[in-house]
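To start, the structure itself, in structure tokens.
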Amino acid sequence: MRRGKSTTCLPADNDRHLRNRQMLFLLVAPSAAAALLITLVPVLLLVRMSLSSVSRFGRVGDYVGLRNFTRLATDPLLPDIALRTVIWTGSVVAGTLLIALPTALVLNRRFFGHGLAQFLVLAPWAISVTSMSVVWRRVLSDEAGLLNRLAMASGLIERPIIWLGSIPASFGFEIMVAILVSVPFSTVILLAGLSSIPTDLSEAARLDGAGARARLRFVTLPLLRPFICVVLIFNVAYVTNSFPIIWILTQGGPANGTDILVTYLYKLAFTLGRLDEAAALSIVMLCVLGALTVLMLRMLERPAYA
Amino acid sequence: MARLVGLLLAWACMSFSSGAGSASAADLRFTAGEYSGFTRPFLERVARDYEALHPDIHIQIEVIPWDSYLQKLTTDISSGDQPDIAIVPTMWVSDLAADGLLEPLDPLATPEFKSKFIPAFLVPASVNGQLLGLPAAASARAMVVNTDLLQKAGVKAPKTWDDLLTAAKAISALPNAYGFGLPGKEVEVDTYFYYALWGFGGEILKNGKSGLSSPEAIRAATFYMSLINDKATEPSPTAHSREDVFKLFKEGRIGIVFTYPMLVPQLKAEAPNLRYAVLPLPVETQPITLGVTDVLTLSSSSKNQKAAWDFMQFLYDAKYRAEFDRAEGLLPVTAEGAADSYYRDNPDIAAFAAGLAYARFAPTIKGWSELSEITLRSLQTMYLGQKTPTEAMTDAARQIDDVLARR
């Protein structure tokens, strides 16, 4: 690495270093303070709630140790919901990547209508997930909804279908909507990654006789790995905590059949009024997601050529 | 930098002194659920009228959609910002009272003021003999039928539950129509079951235990399942919320629904050509209906209780009450309001108002919403065909008894 610095420092240089460090500290301080205030304080309050008994309307009472956590552990609904959360996050993140990666590869080339294609792929990003979910609820749940009308007009079905009538179908549609919502953001990150790969690398590989597939596998994908990791980290966190799609389409129902941890958390807190157990559940979720993120960050830090 | 600090200090002093200067004035915060688009402008108008008479009082009105009201109130209270005055559903009162959040009103209300109200409505708002809320809104449920569909199917409006099954089946046999609208998703799934439960003689709670495993409850559940199995309801009730069912009714696709009075003005506005009739719910042994009340409560931590109480009384001015009840499609809570011939002569409201005489209320016990959620879940497993009525009901009763025993 060339840094243009000698190993010995002159006193004046040292002084500048110190001032530089102060400057750096000053620059980081506001965001660090904001982050502490915005995240740490609520988390500490949450920890307190999770170790106390909390009334329906949020009055924090006696310290109860780990009672809330043991109650969660014996909640008969929770294992299924946790498993469903894994399926939800896994399939949404995998689906997103499987769509976003080819999309980014295509959009990275110049072709006629490139601008329009890019706009169409990225535009949904500008729509809030909540409004998107409301639209999908209309599309799916109405007998005269868009999907039924399209399917009937094209002769695929004769009578309208209640798309959200069964649990597997509802959950499947929710996963699909979540993928559609996640694709634009992931595509942007991957596009940014692709544009950072120097074209001469690909050129050189081509001159050495590498075909398109080999170039993708041995040049583009390894260099894109850090960006894929970023996509994974962001999506795992976002999707696991994604509330509006499931809440608006089915409210986690029928019979908790489409609940994931975060929708159940909301029910625990505001429908069932067990704020203490909800606090405990969110602490558990925070720890699991935190661990996952650290694990993935480790992956990101590993050098690309290892 | 020094100048900036100086400026900030000066500003801080200014805002502090201006706060201290108006110490005699009172700021009141008043939250209410949104009954309709009329609620907010109406309450704003009453508040402005009151402020005109009492210039030192400022009232801030917050109208919140019912769906997010509980969450909003919980967040407000847990962050120490409980509204001074709030209209809340009666079923939250026991939970609020358990935390000591409500000011008992007996010492404030004169006997003369209390005598304004229909006595029955003061009962659900009392906990341990203490009056904690004034009746603010009352409603009862009734049955609305599409008379055209009934005629086409060649059946009469149902009077008993058996009639209901026959009529619903006959209407479902018509093309593109469903007999009975049964919501199986989101709000009030359990409420729709209580109609049948009470109708067949069952109880939600009996001697401190769940009444859902009683033979009457299982009969009621079996009855709803026979409606579903005979295709007398809309397909997949668990995919239809109450609003979805009402939408189908407005489109003329459903023959019979149970509803609150507010559906009637909606029908007039959105489906002016639909011919309907408002009737009492089916009767098996004795007439039943669900009564719902909301109450006006005073915060025990309010700094301006005197002013708040004064404004609360102002809200019961006969002129405001009559306007509010009629516009929101609610039933009167005061004796004076009930005396109005409107509630007897108007065919759209008479069946609802008649129900007040025999209406039953959801139990006012602490943690009611959890019992309601358990019932909803069990009903959904039954509607989906995952459990038989007996299994679903005994299951729900067991879980509810567990919850009750844990307290």
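By order in the structure tokens, chains are A, B, ...; within a chain, residues start at 1; ligands start at 1, following the order shown.
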
Contacts of B:Ala335 at 7 Å (only C-alpha atoms; same-chain gap of 4+ positions) as a tab-separated table (two decimals) with C-alpha atoms, in the first residue's frame:
```tsv
chain	number	residue	atom	x	y	z
B	116	LYS	CA	-79.53	12.75	32.99
B	117	PHE	CA	-78.35	9.30	31.92
B	118	ILE	CA	-80.22	6.10	31.20
B	339	ALA	CA	-87.58	10.34	24.64
```

Chain A contacts on chain B, only C-alpha atoms, 6 Å, as JSON, numbers by chain: {"B": [71, 74, 78, 236, 239, 369, 370, 377, 380, 381]}

Stretch 272-278 of chain B environment, 12 Å, only C-alpha atoms, sequence neighbours closer than 6 positions dropped, as an MDAnalysis selection string: chainID B and resid 141:151 156:158 248:266 346:355

Selected residue of minimal separation from A:Ser133 among A:Ala32, A:Leu232, A:Leu78, A:Met176, counting only C-alpha atoms: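 Closest to A:Ser133 of all the choices is A:Met176.
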
Backbone-only DSSP, strand (DSSP E or B) members of stretch 46-281 of chain A, as a ChimeraX atom specification: /A:52-54,60-63

Between atom CA of A:Leu72 and atom CA of A:Ile175, distance in Å (one decimal):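 Going from atom CA of A:Leu72 over to atom CA of A:Ile175, I get 26.1 Å.
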